[in-house]
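Q: Structure: my_file12.cif, mmCIF, C-alpha atoms.
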```cif
data_my_file
#
loop_
_atom_site.label_atom_id
_atom_site.label_comp_id
_atom_site.auth_asym_id
_atom_site.auth_seq_id
_atom_site.Cartn_x
_atom_site.Cartn_y
_atom_site.Cartn_z
CA GLU G 28 -109.83 -113.47 -134.42
CA LYS G 29 -108.50 -115.01 -131.26
CA ALA G 30 -105.21 -113.24 -131.76
CA THR G 31 -107.09 -110.05 -132.24
CA GLU G 32 -109.05 -110.66 -129.09
CA ASP G 33 -105.85 -111.45 -127.19
CA GLU G 34 -104.24 -108.23 -128.47
CA GLY G 35 -107.28 -106.21 -127.43
CA GLN G 36 -107.24 -107.81 -124.03
CA LEU G 37 -103.55 -106.98 -123.69
CA GLU G 38 -104.10 -103.36 -124.60
CA GLY G 39 -106.90 -103.17 -122.04
CA GLU G 40 -104.65 -104.55 -119.38
CA ASP G 41 -101.95 -102.01 -120.32
CA SER G 42 -104.46 -99.19 -120.09
CA GLU G 43 -105.59 -100.39 -116.68
CA ALA G 44 -101.93 -100.61 -115.61
CA GLU G 45 -101.27 -97.09 -116.82
CA LEU G 46 -104.39 -95.88 -115.00
CA ASP G 47 -103.30 -97.65 -111.83
CA SER G 48 -99.83 -96.09 -112.19
CA ALA G 49 -101.31 -92.63 -112.63
CA ARG G 50 -103.51 -93.13 -109.63
CA THR G 51 -100.51 -94.30 -107.64
CA GLY G 52 -98.52 -91.16 -108.74
CA GLU G 53 -101.34 -88.88 -107.74
CA ALA G 54 -101.61 -90.55 -104.41
CA LEU G 55 -97.87 -90.19 -103.90
CA GLU G 56 -97.97 -86.49 -104.80
CA SER G 57 -100.88 -85.99 -102.45
CA THR G 58 -99.02 -87.74 -99.69
CA GLU G 59 -95.91 -85.61 -100.29
CA ALA G 60 -97.98 -82.40 -100.35
CA LEU G 61 -99.66 -83.42 -97.14
CA GLU G 62 -96.34 -84.17 -95.52
CA SER G 63 -94.93 -80.81 -96.78
CA THR G 64 -97.92 -78.92 -95.43
CA GLU G 65 -97.67 -80.63 -92.08
CA ALA G 66 -93.94 -79.88 -91.95
CA LEU G 67 -94.55 -76.20 -92.78
CA GLU G 68 -97.23 -75.93 -90.13
CA SER G 69 -94.91 -77.58 -87.66
CA THR G 70 -92.09 -75.15 -88.54
CA GLU G 71 -94.37 -72.11 -88.26
CA ALA G 72 -95.66 -73.32 -84.94
CA LEU G 73 -92.12 -73.79 -83.74
CA GLU G 74 -91.10 -70.30 -84.92
CA SER G 75 -94.21 -68.82 -83.30
CA THR G 76 -93.35 -70.50 -80.05
CA GLU G 77 -89.75 -69.24 -80.20
CA ALA G 78 -90.94 -65.72 -81.02
CA LEU G 79 -93.31 -65.77 -78.09
CA GLU G 80 -90.58 -66.93 -75.78
CA SER G 81 -88.23 -64.21 -77.16
CA THR G 82 -90.88 -61.51 -76.62
CA GLU G 83 -91.52 -62.67 -73.09
CA ALA G 84 -87.79 -62.59 -72.40
CA LEU G 85 -87.58 -59.08 -73.88
CA GLU G 86 -90.44 -57.85 -71.72
CA SER G 87 -88.73 -59.23 -68.65
CA THR G 88 -85.52 -57.26 -69.46
CA PRO G 89 -84.86 -54.33 -67.01
CA LYS G 90 -86.03 -50.93 -68.33
CA SER G 91 -82.54 -49.40 -68.32
CA SER G 92 -81.46 -51.81 -71.09
CA GLU G 93 -84.47 -51.21 -73.35
CA PRO G 94 -82.79 -48.51 -75.55
CA HIS G 95 -80.02 -50.95 -76.45
CA ILE G 96 -82.60 -53.53 -77.50
CA TYR G 97 -85.14 -51.41 -79.30
CA TRP G 98 -83.19 -48.45 -80.64
CA LEU G 99 -79.80 -49.73 -81.68
CA ASN G 100 -80.82 -50.15 -85.32
CA LEU G 101 -82.86 -46.93 -85.21
CA ILE G 102 -79.81 -44.97 -84.10
CA ASP G 103 -77.83 -46.40 -86.99
CA VAL G 104 -80.59 -45.32 -89.34
CA HIS G 105 -80.60 -41.84 -87.81
CA ASN G 106 -76.86 -41.52 -88.26
CA ALA G 107 -77.05 -42.65 -91.86
CA LEU G 108 -79.90 -40.23 -92.59
CA ALA G 109 -78.02 -37.40 -90.90
CA THR G 110 -75.03 -37.97 -93.17
CA LEU G 111 -77.27 -38.18 -96.22
CA TYR G 112 -79.18 -35.00 -95.40
CA GLN G 113 -75.98 -33.14 -94.65
CA ASP G 114 -74.34 -34.21 -97.90
CA ASN G 115 -77.43 -33.14 -99.85
CA GLU G 116 -77.83 -29.93 -97.81
CA GLU G 117 -81.38 -30.85 -96.83
CA TRP G 118 -81.21 -28.77 -93.69
CA GLN G 119 -84.86 -28.77 -92.70
CA LYS G 120 -85.00 -32.55 -92.84
CA LEU G 121 -81.80 -32.72 -90.79
CA ILE G 122 -83.32 -30.43 -88.17
CA ILE G 123 -86.44 -32.62 -87.97
CA LEU G 124 -84.19 -35.66 -87.58
CA TYR G 125 -82.35 -34.02 -84.67
CA VAL G 126 -85.67 -33.19 -83.00
CA GLU G 127 -86.77 -36.83 -83.35
CA ARG G 128 -83.45 -37.91 -81.86
CA VAL G 129 -84.06 -35.62 -78.88
CA ALA G 130 -87.49 -37.18 -78.39
CA LEU G 131 -85.91 -40.64 -78.29
CA LEU G 132 -83.19 -39.51 -75.90
CA ASN G 133 -85.83 -37.98 -73.64
CA LEU G 134 -87.00 -41.52 -72.87
CA THR G 135 -83.53 -42.35 -71.55
CA GLN G 136 -83.22 -39.08 -69.58
CA ASP G 137 -79.89 -38.40 -71.33
CA ILE G 138 -79.86 -34.60 -70.96
CA ASP G 139 -76.34 -34.01 -72.27
CA GLU G 140 -77.03 -35.69 -75.60
CA GLN G 141 -80.39 -33.92 -75.93
CA VAL G 142 -78.58 -30.61 -75.48
CA VAL G 143 -76.06 -31.55 -78.19
CA TYR G 144 -78.74 -32.27 -80.80
CA LEU G 145 -80.82 -29.22 -79.85
CA GLN G 146 -77.70 -27.07 -80.26
CA GLN G 147 -77.07 -28.55 -83.69
CA ALA G 148 -80.69 -27.91 -84.68
CA ALA G 149 -80.49 -24.30 -83.46
CA SER G 150 -77.23 -23.68 -85.32
CA LEU G 151 -78.67 -25.02 -88.56
CA SER G 152 -81.79 -22.89 -88.13
CA VAL G 153 -79.68 -19.74 -87.89
CA GLU G 154 -76.79 -20.44 -90.24
CA GLN G 155 -78.53 -22.37 -93.03
CA LEU G 156 -82.19 -21.35 -92.87
CA ASN G 157 -81.90 -17.89 -91.31
CA ASN G 158 -84.77 -18.85 -89.02
CA GLY G 159 -84.16 -17.02 -85.78
CA VAL G 160 -87.59 -17.81 -84.35
CA GLU G 161 -87.02 -21.56 -84.62
CA ALA G 162 -83.51 -21.22 -83.18
CA ILE G 163 -84.85 -19.27 -80.20
CA GLU G 164 -87.28 -22.09 -79.47
CA PHE G 165 -84.51 -24.70 -79.59
CA TYR G 166 -82.30 -22.68 -77.22
CA ARG G 167 -85.21 -22.27 -74.82
CA GLN G 168 -85.69 -26.04 -74.84
CA ILE G 169 -82.01 -26.38 -73.91
CA LEU G 170 -82.47 -23.99 -71.00
CA GLY G 171 -85.46 -26.04 -69.90
CA LEU G 172 -83.09 -28.99 -69.61
CA SER G 173 -80.06 -27.04 -68.34
CA PRO G 174 -81.00 -23.55 -67.00
CA GLN G 175 -77.36 -22.44 -66.67
CA HIS G 176 -76.24 -23.46 -70.16
CA LEU G 177 -74.05 -20.44 -70.91
CA HIS G 178 -73.67 -21.00 -74.66
CA SER G 179 -77.45 -21.06 -75.13
CA LEU G 180 -77.92 -17.94 -73.02
CA GLU G 181 -75.33 -16.06 -75.06
CA SER G 182 -76.84 -17.27 -78.33
CA LEU G 183 -80.30 -16.18 -77.20
CA GLU G 184 -78.88 -12.82 -76.19
CA ARG G 185 -77.48 -12.25 -79.69
CA LEU G 186 -80.68 -13.40 -81.39
CA HIS G 187 -82.89 -11.12 -79.29
CA GLN G 188 -80.51 -8.20 -79.83
CA SER G 189 -80.69 -8.68 -83.59
CA ARG G 190 -84.49 -8.53 -83.33
CA ASP G 191 -84.49 -5.49 -80.99
CA GLN G 192 -86.20 -7.54 -78.26
CA TRP G 193 -84.53 -5.68 -75.42
CA ASP G 194 -86.83 -6.83 -72.61
CA GLU G 195 -85.79 -10.39 -73.47
CA VAL G 196 -82.12 -9.37 -73.54
CA VAL G 197 -82.39 -7.88 -70.04
CA SER G 198 -84.08 -11.05 -68.80
CA ILE G 199 -81.27 -13.20 -70.21
CA LEU G 200 -78.56 -10.95 -68.72
CA LYS G 201 -80.21 -11.26 -65.31
CA GLN G 202 -80.25 -15.04 -65.74
CA LYS G 203 -76.55 -14.98 -66.60
CA GLU G 204 -75.88 -13.12 -63.33
CA THR G 205 -76.94 -16.24 -61.41
CA ILE G 206 -74.23 -18.37 -63.02
CA ASN G 207 -71.04 -18.83 -61.05
CA SER G 208 -68.41 -18.87 -63.79
CA ALA G 209 -65.00 -17.33 -64.35
CA ASP G 210 -66.24 -16.25 -67.79
CA ILE G 211 -68.93 -14.01 -66.29
CA ASP G 212 -68.37 -10.57 -64.78
CA PRO G 213 -71.46 -9.69 -62.69
CA THR G 214 -70.48 -6.00 -62.57
CA SER G 215 -70.28 -5.82 -66.35
CA LEU G 216 -73.69 -7.51 -66.65
CA LYS G 217 -75.30 -5.01 -64.26
CA LEU G 218 -73.80 -2.12 -66.21
CA GLN G 219 -75.04 -3.59 -69.48
CA ILE G 220 -78.55 -4.00 -68.08
CA ALA G 221 -78.62 -0.38 -66.90
CA GLN G 222 -77.38 0.87 -70.27
CA ILE G 223 -80.09 -1.05 -72.13
CA GLU G 224 -82.74 0.33 -69.79
CA VAL G 225 -81.57 3.85 -70.65
CA THR G 226 -80.82 3.66 -74.35
CA HIS G 227 -83.30 1.06 -75.64
CA LEU G 228 -86.12 0.82 -73.11
CA ASN G 229 -86.12 4.47 -71.96
CA ASP G 230 -86.85 3.17 -68.47
CA LEU G 231 -84.82 5.64 -66.43
CA GLU G 232 -86.25 4.64 -63.06
CA SER G 233 -85.25 1.00 -63.58
CA ALA G 234 -81.85 2.17 -64.79
CA VAL G 235 -81.34 4.16 -61.58
CA SER G 236 -82.07 1.02 -59.57
CA SER G 237 -79.64 -1.04 -61.67
CA TYR G 238 -76.86 1.54 -61.34
CA GLN G 239 -77.42 1.84 -57.60
CA THR G 240 -77.20 -1.94 -57.17
CA LEU G 241 -73.91 -1.92 -59.06
CA LEU G 242 -72.49 0.97 -57.01
CA GLU G 243 -73.45 -0.69 -53.75
CA GLU G 244 -71.04 -3.46 -54.70
CA ASN G 245 -68.45 -1.24 -56.39
CA PRO G 246 -68.76 2.41 -55.25
CA GLU G 247 -65.73 3.53 -57.28
CA HIS G 248 -66.91 2.26 -60.66
CA ILE G 249 -66.23 5.47 -62.63
CA LYS G 250 -68.32 4.59 -65.68
CA ALA G 251 -71.37 3.69 -63.59
CA VAL G 252 -71.06 6.91 -61.54
CA ALA G 253 -70.76 9.02 -64.70
CA GLU G 254 -73.71 7.35 -66.42
CA LEU G 255 -75.95 7.52 -63.34
CA THR G 256 -75.07 11.21 -63.08
CA GLU G 257 -76.40 11.69 -66.61
CA VAL G 258 -79.59 9.75 -65.79
CA TYR G 259 -80.22 11.93 -62.72
CA SER G 260 -79.72 14.96 -64.93
CA GLN G 261 -82.30 13.67 -67.42
CA LEU G 262 -84.73 13.12 -64.55
CA GLY G 263 -84.09 16.65 -63.23
CA GLN G 264 -82.85 15.33 -59.87
CA TRP G 265 -80.26 18.07 -59.46
CA ASP G 266 -79.19 17.41 -55.87
CA ASN G 267 -78.46 13.78 -56.73
CA THR G 268 -76.67 14.89 -59.88
CA LEU G 269 -74.43 17.30 -57.96
CA GLU G 270 -73.68 14.70 -55.30
CA LEU G 271 -72.50 12.22 -57.93
CA LEU G 272 -70.51 14.87 -59.79
CA ASP G 273 -68.64 15.66 -56.59
CA HIS G 274 -68.02 11.94 -56.07
CA LEU G 275 -66.87 11.61 -59.67
CA VAL G 276 -64.31 14.39 -59.20
CA THR G 277 -62.65 12.33 -56.44
CA LEU G 278 -62.28 9.36 -58.80
CA GLN G 279 -61.12 11.09 -61.96
CA GLU G 280 -57.86 12.60 -63.11
CA GLY G 281 -56.80 15.03 -65.80
CA GLU G 282 -59.21 16.47 -68.35
CA SER G 283 -62.17 14.32 -67.27
CA ARG G 284 -61.80 15.61 -63.70
CA TYR G 285 -61.70 19.25 -64.92
CA GLN G 286 -64.81 18.67 -67.02
CA SER G 287 -66.69 17.28 -64.00
CA LEU G 288 -65.61 20.25 -61.87
CA PHE G 289 -66.93 22.63 -64.52
CA GLN G 290 -70.21 20.72 -64.91
CA ALA G 291 -70.77 20.92 -61.16
CA ALA G 292 -70.19 24.69 -61.19
CA GLN G 293 -72.51 25.11 -64.15
CA LEU G 294 -75.23 23.04 -62.48
CA VAL G 295 -74.99 25.07 -59.27
CA ARG G 296 -75.27 28.29 -61.25
CA THR G 297 -78.14 27.35 -63.61
CA GLU G 298 -80.23 24.75 -61.78
CA LEU G 299 -79.61 25.50 -58.10
CA ALA G 300 -79.38 29.28 -58.59
CA SER G 301 -76.34 29.73 -56.40
CA PRO G 302 -73.87 31.98 -58.30
CA ALA G 303 -71.54 32.48 -55.34
CA GLU G 304 -71.06 28.71 -54.94
CA ALA G 305 -70.57 28.39 -58.68
CA ILE G 306 -67.79 31.01 -58.59
CA GLU G 307 -66.15 29.23 -55.67
CA ARG G 308 -66.13 25.99 -57.65
CA LEU G 309 -64.66 27.78 -60.69
CA SER G 310 -61.97 29.22 -58.45
CA ILE G 311 -60.95 25.69 -57.44
CA LEU G 312 -60.90 24.64 -61.06
CA LEU G 313 -58.81 27.63 -62.18
CA SER G 314 -56.32 26.99 -59.40
CA GLU G 315 -55.64 23.64 -61.08
CA VAL G 316 -56.09 24.77 -64.68
CA PRO G 317 -55.47 28.54 -64.92
CA GLN G 318 -56.22 28.62 -68.65
CA HIS G 319 -59.59 26.88 -68.55
CA GLU G 320 -61.46 28.75 -71.28
CA ASP G 321 -64.97 27.58 -70.36
CA SER G 322 -64.46 28.93 -66.85
CA PHE G 323 -63.33 32.29 -68.26
CA LEU G 324 -66.45 32.51 -70.40
CA MET G 325 -68.77 31.65 -67.54
CA LEU G 326 -67.19 34.25 -65.25
CA GLU G 327 -67.44 36.90 -67.99
CA GLU G 328 -71.12 36.07 -68.46
CA MET G 329 -71.71 36.40 -64.73
CA ILE G 330 -70.05 39.84 -64.75
CA ASP G 331 -72.25 40.99 -67.64
CA GLU G 332 -75.36 39.65 -65.89
CA GLN G 333 -74.37 41.41 -62.64
CA SER G 334 -74.58 38.05 -60.93
CA GLU G 335 -71.99 38.35 -58.20
CA ALA G 336 -70.05 40.43 -60.74
CA LYS G 337 -67.39 41.70 -58.35
CA LEU G 338 -66.62 38.24 -56.96
CA ALA G 339 -66.51 36.80 -60.49
CA SER G 340 -64.08 39.51 -61.64
CA GLU G 341 -61.77 38.86 -58.71
CA VAL G 342 -61.52 35.15 -59.53
CA LEU G 343 -61.04 35.90 -63.21
CA THR G 344 -58.43 38.60 -62.49
CA THR G 345 -56.37 36.21 -60.38
CA ALA G 346 -56.33 33.61 -63.15
CA LEU G 347 -55.50 36.13 -65.91
CA GLU G 348 -52.66 37.67 -63.92
CA GLN G 349 -51.27 34.19 -63.25
CA ILE G 350 -51.11 33.34 -66.95
CA GLY G 351 -50.06 36.88 -67.97
CA ASP G 352 -53.03 37.58 -70.24
CA PHE G 353 -53.09 41.34 -69.61
CA GLY G 354 -55.12 42.19 -72.68
CA ARG G 355 -58.00 40.06 -71.44
CA LEU G 356 -57.42 41.46 -67.95
CA VAL G 357 -58.04 45.02 -69.20
CA THR G 358 -61.16 43.76 -71.02
CA THR G 359 -62.39 42.19 -67.78
CA TRP G 360 -61.99 45.45 -65.85
CA ARG G 361 -63.76 47.41 -68.59
CA ARG G 362 -66.52 44.80 -68.50
CA LEU G 363 -66.83 45.34 -64.74
CA LEU G 364 -66.88 49.11 -65.20
CA ASN G 365 -70.02 48.72 -67.31
CA VAL G 366 -71.93 47.27 -64.37
CA THR G 367 -70.36 49.32 -61.56
CA GLU G 368 -72.30 52.36 -60.33
CA ASN G 369 -70.17 53.46 -57.41
CA ARG G 370 -67.83 56.23 -58.66
CA VAL G 371 -65.09 55.38 -56.18
CA ASP G 372 -65.06 51.81 -57.44
CA GLN G 373 -65.04 53.09 -61.01
CA ALA G 374 -62.03 55.31 -60.29
CA SER G 375 -60.18 52.38 -58.74
CA LEU G 376 -60.78 50.25 -61.83
CA TRP G 377 -59.61 53.02 -64.21
CA MET G 378 -56.41 53.37 -62.22
CA LYS G 379 -55.76 49.63 -62.65
CA VAL G 380 -56.39 49.91 -66.38
CA GLY G 381 -54.06 52.93 -66.65
CA HIS G 382 -51.22 51.14 -64.86
CA ILE G 383 -51.50 48.14 -67.24
CA TYR G 384 -51.26 50.42 -70.27
CA GLN G 385 -48.35 52.36 -68.80
CA GLU G 386 -46.31 49.55 -67.26
CA ILE G 387 -47.09 46.55 -69.42
CA PHE G 388 -48.01 47.92 -72.84
CA MET G 389 -45.90 51.12 -72.63
CA ASP G 390 -48.90 52.97 -74.06
CA ASP G 391 -48.81 56.38 -72.39
CA ALA G 392 -51.69 57.76 -74.43
CA SER G 393 -54.08 55.01 -73.38
CA ALA G 394 -52.77 55.24 -69.83
CA PHE G 395 -53.38 59.03 -69.76
CA GLU G 396 -56.93 58.46 -71.03
CA ALA G 397 -57.63 55.89 -68.32
CA PHE G 398 -56.19 58.15 -65.60
CA ALA G 399 -58.33 60.97 -66.94
CA TYR G 400 -61.46 59.01 -66.22
#
```
Would you mind writing the file out in structure tokens?
A:
Amino acid sequence: EKATEDEGQLEGEDSEAELDSARTGEALESTEALESTEALESTEALESTEALESTEALESTPKSSEPHIYWLNLIDVHNALATLYQDNEEWQKLIILYVERVALLNLTQDIDEQVVYLQQAASLSVEQLNNGVEAIEFYRQILGLSPQHLHSLESLERLHQSRDQWDEVVSILKQKETINSADIDPTSLKLQIAQIEVTHLNDLESAVSSYQTLLEENPEHIKAVAELTEVYSQLGQWDNTLELLDHLVTLQEGESRYQSLFQAAQLVRTELASPAEAIERLSILLSEVPQHEDSFLMLEEMIDEQSEAKLASEVLTTALEQIGDFGRLVTTWRRLLNVTENRVDQASLWMKVGHIYQEIFMDDASAFEAFAY
């Protein structure tokens, strides 16, 4: 019994020992957890303090260095995204990325880089998305940053032309005139503006002003003189038209000069109702070009219309004799006979006809008939 009691007592002591050991382990774990928690809190406090000091240092950094601090990683991300979008041909996303890049660069006042990305966005809008409206907006943003950016002006000019927006084209051409560049010819721009005002805007009065401005700087610009002459003609300003035709004659050579001489004579005859002056002008033309068919036809018409018929026949006769066209010469005299009432004048004309038949054509029968008249 005693042994049993001693064994029971021993087991009780072991149980108490185990309990004490467990309690000691729990206490140790609690102590370690407490120490770990305190260490973590200490570390977090330290990191918080360091972060605060770093932020304060960052805020004290001069403004000019801020992009390098804040945006360096963002720029790398932008570049990576740009490559990704380009490889996958996600053009709209790439355009949006460029616009965001411009917004960032705007904070640094870096105009040149903003222009580069806006140009890339505009090119993508046109070439990949066929979105001219969006491209126009990008180019206008470039001009807001750099008003004399020639590439953007030329791109806008093409885009507006393709959309038949001719008022906008004229505005852009006038803006290009203000740029001092070896690649720009101000005279050519003025001529182009005037041509658009005539052909696309039908604004002849503005065109006259544009041509006149050009000719004030370059009075011998043949193309401008010729085109302004046509505009005056469309406006019915005949005196101005004739003045420019006469000026044009002094600048031209060859066939173009002869055509201007004839146009001036025709204008004087039809619009200014001065047949004698018209014949005088035709005489000058035929002295240079004796076989000018249009002049022959006009003189023959004037004979038939009894409009200075005798003077017209004299000029025509001189030209026909010079080129030896005696058949047409006889026809001219017969044409004049039809409108001549004075019998003495008629007799004189028949004698001329008879001599041509007898001496040139060796036709005695026709000569006898003419003499008989």
Q: Check which residues satisfy the PyMOL selection byres ((chain G and resi 151) around 12) in the file shown, then give them as a list of chain:residue names.
A: G:Gln113, G:Glu116, G:Glu117, G:Trp118, G:Gln119, G:Lys120, G:Leu121, G:Ile122, G:Ile123, G:Tyr125, G:Tyr144, G:Leu145, G:Gln146, G:Gln147, G:Ala148, G:Ala149, G:Ser150, G:Ser152, G:Val153, G:Glu154, G:Gln155, G:Leu156, G:Asn157, G:Asn158, G:Gly159, G:Glu161, G:Ala162, G:Ile163, G:Phe165
Q: What does the file look like for those residues with C-alpha atoms, as an mmCIF file, in the frame of the given file?
A:
```cif
data_model
loop_
_atom_site.group_PDB
_atom_site.id
_atom_site.type_symbol
_atom_site.label_atom_id
_atom_site.label_comp_id
_atom_site.auth_asym_id
_atom_site.auth_seq_id
_atom_site.Cartn_x
_atom_site.Cartn_y
_atom_site.Cartn_z
ATOM 1 C CA GLN G 113 -75.980 -33.140 -94.650
ATOM 2 C CA GLU G 116 -77.830 -29.930 -97.810
ATOM 3 C CA GLU G 117 -81.380 -30.850 -96.830
ATOM 4 C CA TRP G 118 -81.210 -28.770 -93.690
ATOM 5 C CA GLN G 119 -84.860 -28.770 -92.700
ATOM 6 C CA LYS G 120 -85.000 -32.550 -92.840
ATOM 7 C CA LEU G 121 -81.800 -32.720 -90.790
ATOM 8 C CA ILE G 122 -83.320 -30.430 -88.170
ATOM 9 C CA ILE G 123 -86.440 -32.620 -87.970
ATOM 10 C CA TYR G 125 -82.350 -34.020 -84.670
ATOM 11 C CA TYR G 144 -78.740 -32.270 -80.800
ATOM 12 C CA LEU G 145 -80.820 -29.220 -79.850
ATOM 13 C CA GLN G 146 -77.700 -27.070 -80.260
ATOM 14 C CA GLN G 147 -77.070 -28.550 -83.690
ATOM 15 C CA ALA G 148 -80.690 -27.910 -84.680
ATOM 16 C CA ALA G 149 -80.490 -24.300 -83.460
ATOM 17 C CA SER G 150 -77.230 -23.680 -85.320
ATOM 18 C CA SER G 152 -81.790 -22.890 -88.130
ATOM 19 C CA VAL G 153 -79.680 -19.740 -87.890
ATOM 20 C CA GLU G 154 -76.790 -20.440 -90.240
ATOM 21 C CA GLN G 155 -78.530 -22.370 -93.030
ATOM 22 C CA LEU G 156 -82.190 -21.350 -92.870
ATOM 23 C CA ASN G 157 -81.900 -17.890 -91.310
ATOM 24 C CA ASN G 158 -84.770 -18.850 -89.020
ATOM 25 C CA GLY G 159 -84.160 -17.020 -85.780
ATOM 26 C CA GLU G 161 -87.020 -21.560 -84.620
ATOM 27 C CA ALA G 162 -83.510 -21.220 -83.180
ATOM 28 C CA ILE G 163 -84.850 -19.270 -80.200
ATOM 29 C CA PHE G 165 -84.510 -24.700 -79.590
#
```
Q: Determine, counting only C-alpha atoms, which protein, DNA and RNA residues have an atom within 8 Å of an atom of region 190-197 of chain G; residues of the same chain fewer than 5 positions away are not included. Present the result as JSON, numbers by chain.
A: {"G": [183, 184, 220, 223, 227, 228]}
Q: Write the residues of the selection above to a file with C-alpha atoms, as a tab-separated table (two decimals), in the coordinates of the input.
A:
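Now in part.tsv:
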```tsv
chain	number	residue	atom	x	y	z
G	183	LEU	CA	-80.30	-16.18	-77.20
G	184	GLU	CA	-78.88	-12.82	-76.19
G	220	ILE	CA	-78.55	-4.00	-68.08
G	223	ILE	CA	-80.09	-1.05	-72.13
G	227	HIS	CA	-83.30	1.06	-75.64
G	228	LEU	CA	-86.12	0.82	-73.11
```
Q: What's around region 198-200 of chain G at 12 Å? Count only C-alpha atoms, leave out sequence neighbours fewer than 5 positions away in its own chain, and write the answer as an MDAnalysis selection string.
A: chainID G and resid 166:167 170 174:188 192:193 205:206 211:224
Q: Could you list the residues chosen by the PyMOL selection byres ((chain G and resi 339) around 7) in this structure as an mmCIF file with C-alpha atoms, in the coordinates of the input?
A:
```cif
data_model
loop_
_atom_site.group_PDB
_atom_site.id
_atom_site.type_symbol
_atom_site.label_atom_id
_atom_site.label_comp_id
_atom_site.auth_asym_id
_atom_site.auth_seq_id
_atom_site.Cartn_x
_atom_site.Cartn_y
_atom_site.Cartn_z
ATOM 1 C CA ILE G 306 -67.790 31.010 -58.590
ATOM 2 C CA LEU G 326 -67.190 34.250 -65.250
ATOM 3 C CA MET G 329 -71.710 36.400 -64.730
ATOM 4 C CA ILE G 330 -70.050 39.840 -64.750
ATOM 5 C CA GLU G 335 -71.990 38.350 -58.200
ATOM 6 C CA ALA G 336 -70.050 40.430 -60.740
ATOM 7 C CA LYS G 337 -67.390 41.700 -58.350
ATOM 8 C CA LEU G 338 -66.620 38.240 -56.960
ATOM 9 C CA SER G 340 -64.080 39.510 -61.640
ATOM 10 C CA GLU G 341 -61.770 38.860 -58.710
ATOM 11 C CA VAL G 342 -61.520 35.150 -59.530
ATOM 12 C CA LEU G 343 -61.040 35.900 -63.210
#
```
Q: By how many Å are CA of Gln373 (chain G) and CA of Glu307 (chain G) apart?
A: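 CA of Glu307 (chain G) lies at a distance of 24.5 Å from CA of Gln373 (chain G).
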Q: Please evaluate the PyMOL selection byres ((chain G and resi 393) around 12) against the displayed coordinates and give the resulting residues as a short mmCIF file (atom, residue, chain, number, x, y, z; two decimals) with C-alpha atoms, in the coordinates of the input.
A:
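Output file out32.cif follows:
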```cif
data_model
loop_
_atom_site.label_atom_id
_atom_site.label_comp_id
_atom_site.auth_asym_id
_atom_site.auth_seq_id
_atom_site.Cartn_x
_atom_site.Cartn_y
_atom_site.Cartn_z
CA VAL G 357 -58.04 45.02 -69.20
CA TRP G 377 -59.61 53.02 -64.21
CA MET G 378 -56.41 53.37 -62.22
CA VAL G 380 -56.39 49.91 -66.38
CA GLY G 381 -54.06 52.93 -66.65
CA HIS G 382 -51.22 51.14 -64.86
CA ILE G 383 -51.50 48.14 -67.24
CA TYR G 384 -51.26 50.42 -70.27
CA GLN G 385 -48.35 52.36 -68.80
CA GLU G 386 -46.31 49.55 -67.26
CA ILE G 387 -47.09 46.55 -69.42
CA PHE G 388 -48.01 47.92 -72.84
CA MET G 389 -45.90 51.12 -72.63
CA ASP G 390 -48.90 52.97 -74.06
CA ASP G 391 -48.81 56.38 -72.39
CA ALA G 392 -51.69 57.76 -74.43
CA ALA G 394 -52.77 55.24 -69.83
CA PHE G 395 -53.38 59.03 -69.76
CA GLU G 396 -56.93 58.46 -71.03
CA ALA G 397 -57.63 55.89 -68.32
CA PHE G 398 -56.19 58.15 -65.60
CA ALA G 399 -58.33 60.97 -66.94
CA TYR G 400 -61.46 59.01 -66.22
#
```
Q: Please indicate the distance in Å from CA of Gln279 (chain G) to CA of Ala251 (chain G), rounded to one decimal place.
A: 12.7 Å
Q: Would you mind listing what lies within 10 Å of Ala253 (chain G) as a PyMOL selection string, with only C-alpha atoms counted and same-chain residues fewer than 3 positions away left out?
A: chain G and resi 248-250+256-258+268+271-272+274-275+287
Q: Keeping only C-alpha atoms, write the selected residues as a CSV table (one decimal), keeping the file's coordinate frame.
A:
```csv
chain,number,residue,atom,x,y,z
G,248,HIS,CA,-66.9,2.3,-60.7
G,249,ILE,CA,-66.2,5.5,-62.6
G,250,LYS,CA,-68.3,4.6,-65.7
G,256,THR,CA,-75.1,11.2,-63.1
G,257,GLU,CA,-76.4,11.7,-66.6
G,258,VAL,CA,-79.6,9.8,-65.8
G,268,THR,CA,-76.7,14.9,-59.9
G,271,LEU,CA,-72.5,12.2,-57.9
G,272,LEU,CA,-70.5,14.9,-59.8
G,274,HIS,CA,-68.0,11.9,-56.1
G,275,LEU,CA,-66.9,11.6,-59.7
G,287,SER,CA,-66.7,17.3,-64.0
```
